[in-house]
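Engineer: This is the structure I want to talk about, given as structure tokens.
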Amino acid sequence: MDTSLEHLTIALEDVSIHAAAAGPPEGRLLILLHGYPEFWQGWRSQIGPLAEKGFRTVAPDQRGYNLSSKPKGWRAYALKHLTGDVFGIATSLGRERFLLAGHDWGGIVAWSCAMADPSRVERLAILNAPHPAVFKSYILTHPGQMLRSWYMLFMQLPWLPEALFKAGNFRVMTEILARTSRPGTFSEENFEACREAWRQPGAPSAMINWYRALRAGWRWSPGKPAIDIPVKILWGARERFLALELAELSLKQCRDGQLTLLPEAGHWLQHEEPAVVSRELIEFFMQSRRLS
């Protein structure tokens with residue numbers, strides 16, 4: 001089976017989306033959504049193994065990131081637009097239904113897609129990202145989580161987050177990745193690939209605007225919180241940004257959910273435990289084939 005990497009440009013109504021893809025064109029569509037501050041390469045260790053199992057695996061640069069469009073202003077990054085991009089990608093690829101996985105911010109978007117139109121999302125895998133309704137309630141009632149999420153408030157400031165992001169050839173950003181992951185998780189080659197993505201014109205502001213758009217996100221509900229489709233939650237138990245209780249509370253929103261804790265992994269679990277994450281995703285998504 002040819003699983004060589006392809007690069008796609010997908011024209012949507014208001015943005016152009018770049019994506020890396022692999023696997024047979026006729027395979028079941030599986031969309032992988034990266035988080036902040038990564039881009040499609042956040043899934044570099046999973047694309048090949050998933051493609052080898054016959055999935056048409058597509059990992060987009062979400063709007064604002066790397067080679068995708070970067071519309072100006074935080075309103076362009078409201079959750080309704082981010083979910084609309086995912087459905088638009090699937091439609092452009094000729095698919096009504098698809099499989100979906102998301103990490104970090106990509107997980108928030110993935111949860112929201114499942115709430116917005118569960119008839120289109122066949123199965124959902126989440127990596128270290130809380131259910132949006134759970135997180136909204138939790139952060140307002142748990143000061144400890146509010147402290148962990150201090151950076152979300154910092155991102156609301158004008159120009160200063162961008163200045164810190166870009167300072168010293170993105171030194172703070174690479175240090176955060178290194179400090180919050182297991183030693184050796186990210187190589188200098190990984191960091192340079194990130195820097196290249198962050199150097200794209202308008203990228204720092206566009207990426208930060210995802211956080212600024214939270215002020216609109218609180219007012220928009222994609223649908224009922226309960227998730228009826230099968231859900232697999234993978235959670236690095238050494239997560240530094242999110243309380244473990246958020247994983248357990250998110251599971252309670254799922255009618256058919258599974259939670260797997262990776263005890264030696266943290267927030268960047270698909271990098272820290274690439275083989276385990278690939279195996280878990282393959283096993284979960286292959287079930288849809290056996291049931292079809």
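FYI, nothing fancy with the structure tokens labels: chains A, B, ... in order, residues from 1 per chain, ligands from 1 as they appear.
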Can I get the residues of region 182-284 of chain A within 12 Å of region 35-50 of chain A, each with the closest pair of atoms and their distance in Å to one decimal, using only C-alpha atoms, sorted chain first then ascending number, as a tab-separated table?
Structural biologist:
```
residue	atom	partner	partner_atom	distance
A:Phe186	CA	A:Gly42	CA	10.8
A:Glu189	CA	A:Gln41	CA	11.8
A:Asn190	CA	A:Gln41	CA	8.8
A:Phe191	CA	A:Glu38	CA	10.1
A:Glu192	CA	A:Gln41	CA	11.8
A:Ala193	CA	A:Gln41	CA	8.4
A:Cys194	CA	A:Glu38	CA	6.8
A:Arg195	CA	A:Glu38	CA	9.9
A:Glu196	CA	A:Phe39	CA	10.6
A:Ala197	CA	A:Phe39	CA	7.5
A:Trp198	CA	A:Pro37	CA	8.5
A:Gln200	CA	A:Phe39	CA	11.8
A:Ala203	CA	A:Pro37	CA	10.2
A:Pro204	CA	A:Pro37	CA	9.2
A:Ser205	CA	A:Pro37	CA	11.7
A:Ala206	CA	A:Pro37	CA	10.9
A:Met207	CA	A:Pro37	CA	7.3
A:Ile208	CA	A:Tyr36	CA	8.8
A:Asn209	CA	A:Tyr36	CA	11.1
A:Trp210	CA	A:Tyr36	CA	9.0
A:Tyr211	CA	A:Tyr36	CA	9.8
A:His267	CA	A:Gly35	CA	10.6
A:Trp268	CA	A:Gly42	CA	9.1
A:Leu269	CA	A:Gly42	CA	10.4
A:Gln270	CA	A:Trp43	CA	7.2
A:His271	CA	A:Ser45	CA	7.3
A:Glu272	CA	A:Ser45	CA	10.2
A:Glu273	CA	A:Ser45	CA	9.5
A:Pro274	CA	A:Ser45	CA	5.9
A:Ala275	CA	A:Ser45	CA	7.8
A:Val276	CA	A:Gln46	CA	9.9
A:Val277	CA	A:Gln46	CA	7.6
A:Ser278	CA	A:Gln46	CA	5.3
A:Arg279	CA	A:Pro49	CA	8.4
A:Glu280	CA	A:Gln46	CA	10.5
A:Leu281	CA	A:Leu50	CA	7.9
A:Ile282	CA	A:Leu50	CA	6.3
A:Glu283	CA	A:Leu50	CA	10.0
A:Phe284	CA	A:Leu50	CA	11.2
```
Engineer: Hey, can you check how far CA of Pro25 (chain A) sits from CA of Thr3 (chain A)?
Structural biologist: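 Those two atoms sit 10.3 Å apart.
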Engineer: I need the residues of region 15-222 of chain A that end up classed as strand (DSSP E) by DSSP on the backbone, written out as a PyMOL selection string.
Structural biologist: chain A and resi 16-22+29-33+56-60+98-103+121-127
Engineer: Between CA of Leu262 (chain A) and CA of Tyr138 (chain A), measure the distance and give it in Å to one decimal.
Structural biologist: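 About the pair CA of Leu262 (chain A) and CA of Tyr138 (chain A): they are 22.4 Å apart.
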Engineer: May I have all residues of region 9-231 of chain A that DSSP, computed from the backbone, assigns to alpha helix (DSSP H), given as a PyMOL selection string?
Structural biologist: chain A and resi 44-52+79-92+105-116+132-141+143-148+150-154+160-179+188-198+203-212+214-217
Engineer: For Val109 (chain A), please output as a ChimeraX atom specification all residues within 12 Å (counting only C-alpha atoms; exclusion window: fewer than 6 positions along the same chain).
Structural biologist: /A:31-36,62-63,77-87,100-103,115-116,124-127,129-132,210,217,222
Engineer: Please indicate the distance in Å from CA of Gln145 (chain A) to CA of Gly64 (chain A), rounded to one decimal place.
Structural biologist: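 So the answer is 26.7 Å.
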Engineer: Show me, as a list in words, the residues that have an atom within 9 Å of Ser69 (chain A) when counting only C-alpha atoms, minus same-chain residues fewer than 6 positions from it.
Structural biologist: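 In the requested format, the answer is Asp14, Val15, Ser16, Ile17, His18, Gln62 and Arg63 of chain A.
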Engineer: Selection from above, C-alpha atoms, as a PDB file, in the first residue's frame, can you write it?
Structural biologist:
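File result-v1.pdb, as written:
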```pdb
ATOM      1  CA  ASP A  14     -13.444  31.939   3.354  1.00  0.00           C
ATOM      2  CA  VAL A  15     -10.076  30.242   3.926  1.00  0.00           C
ATOM      3  CA  SER A  16      -7.601  28.006   2.176  1.00  0.00           C
ATOM      4  CA  ILE A  17      -6.462  25.004   4.223  1.00  0.00           C
ATOM      5  CA  HIS A  18      -3.166  23.212   3.762  1.00  0.00           C
ATOM      6  CA  GLN A  62      -5.967  24.615  11.025  1.00  0.00           C
ATOM      7  CA  ARG A  63      -6.803  28.208  10.103  1.00  0.00           C
TER       8      ARG A  63
END
```
Engineer: Rank nothing, just name the residue among A:Leu242, A:Ala247, A:Ala59, A:Ala213 nearest to Glu6 (chain A), using only C-alpha atoms.
Structural biologist: A:Ala59
Engineer: Please list as an NGL selection string every residue within 8 Å of Arg123 (chain A), counting only C-alpha atoms and excluding residues in the same chain fewer than 6 positions away.
Structural biologist: :A and (98-100 or 229-231 or 285 or 288)
Engineer: Save out the residues we just selected, N, CA, C and O atoms, as a short mmCIF file (atom, residue, chain, number, x, y, z; two decimals), in the first residue's frame.
Structural biologist:
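File out39.cif, as written:
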```
data_model
loop_
_atom_site.label_atom_id
_atom_site.label_comp_id
_atom_site.auth_asym_id
_atom_site.auth_seq_id
_atom_site.Cartn_x
_atom_site.Cartn_y
_atom_site.Cartn_z
N PHE A 98 -17.06 10.94 8.57
CA PHE A 98 -15.62 10.80 8.74
C PHE A 98 -15.30 10.48 10.19
O PHE A 98 -16.13 10.64 11.09
N LEU A 99 -14.08 10.01 10.40
CA LEU A 99 -13.54 9.76 11.73
C LEU A 99 -12.72 10.99 12.12
O LEU A 99 -12.15 11.67 11.27
N LEU A 100 -12.64 11.24 13.43
CA LEU A 100 -12.03 12.49 13.87
C LEU A 100 -11.22 12.30 15.13
O LEU A 100 -11.67 11.63 16.07
N ILE A 229 -22.01 9.42 19.93
CA ILE A 229 -21.15 8.57 19.12
C ILE A 229 -20.05 7.95 19.99
O ILE A 229 -19.76 8.46 21.08
N PRO A 230 -19.40 6.87 19.54
CA PRO A 230 -18.29 6.30 20.32
C PRO A 230 -17.12 7.27 20.47
O PRO A 230 -16.72 7.92 19.50
N VAL A 231 -16.60 7.35 21.69
CA VAL A 231 -15.52 8.29 22.00
C VAL A 231 -14.39 7.55 22.72
O VAL A 231 -14.63 6.75 23.63
N PHE A 285 -10.37 3.07 15.87
CA PHE A 285 -10.98 3.40 14.59
C PHE A 285 -11.24 2.17 13.73
O PHE A 285 -12.15 2.17 12.90
N SER A 288 -14.81 0.66 13.73
CA SER A 288 -15.86 1.16 12.86
C SER A 288 -15.94 0.32 11.58
O SER A 288 -17.00 0.16 11.00
#
```
Engineer: Of the candidates A:Lys70, A:Lys53, A:Arg148, A:Arg28, which one gets nearest to Val121 (chain A) if we count only C-alpha atoms?
Structural biologist: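 Counting only C-alpha atoms, the residue closest to Val121 (chain A) is A:Arg28.
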Engineer: When you count only C-alpha atoms, which of these residues is closest to Asp61 (chain A): A:Ala90, A:Thr9, A:Leu157, A:Trp111?
Structural biologist: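 Closest residue, counting only C-alpha atoms: A:Thr9.
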Engineer: From the set A:Glu122, A:Pro71, A:Gly257, A:Gly107, which residue has the shortest atom-to-atom contact distance to Leu30 (chain A), counting only C-alpha atoms?
Structural biologist: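 Once distances to Leu30 (chain A) are computed over only C-alpha atoms, the minimum belongs to A:Glu122.
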Engineer: Which one is closest to Leu29 (chain A): A:Val172, A:Val58, A:Leu160, A:Val134? Count only C-alpha atoms.
Structural biologist: A:Val58
Engineer: Could you list, as a list in words, every residue within 7 Å of Cys254 (chain A), counting only C-alpha atoms and ignoring same-chain residues fewer than 4 positions away?
Structural biologist: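 Here the qualifying residues turn out to be Ala226, Ile227, Asp228 and Val231 of chain A.
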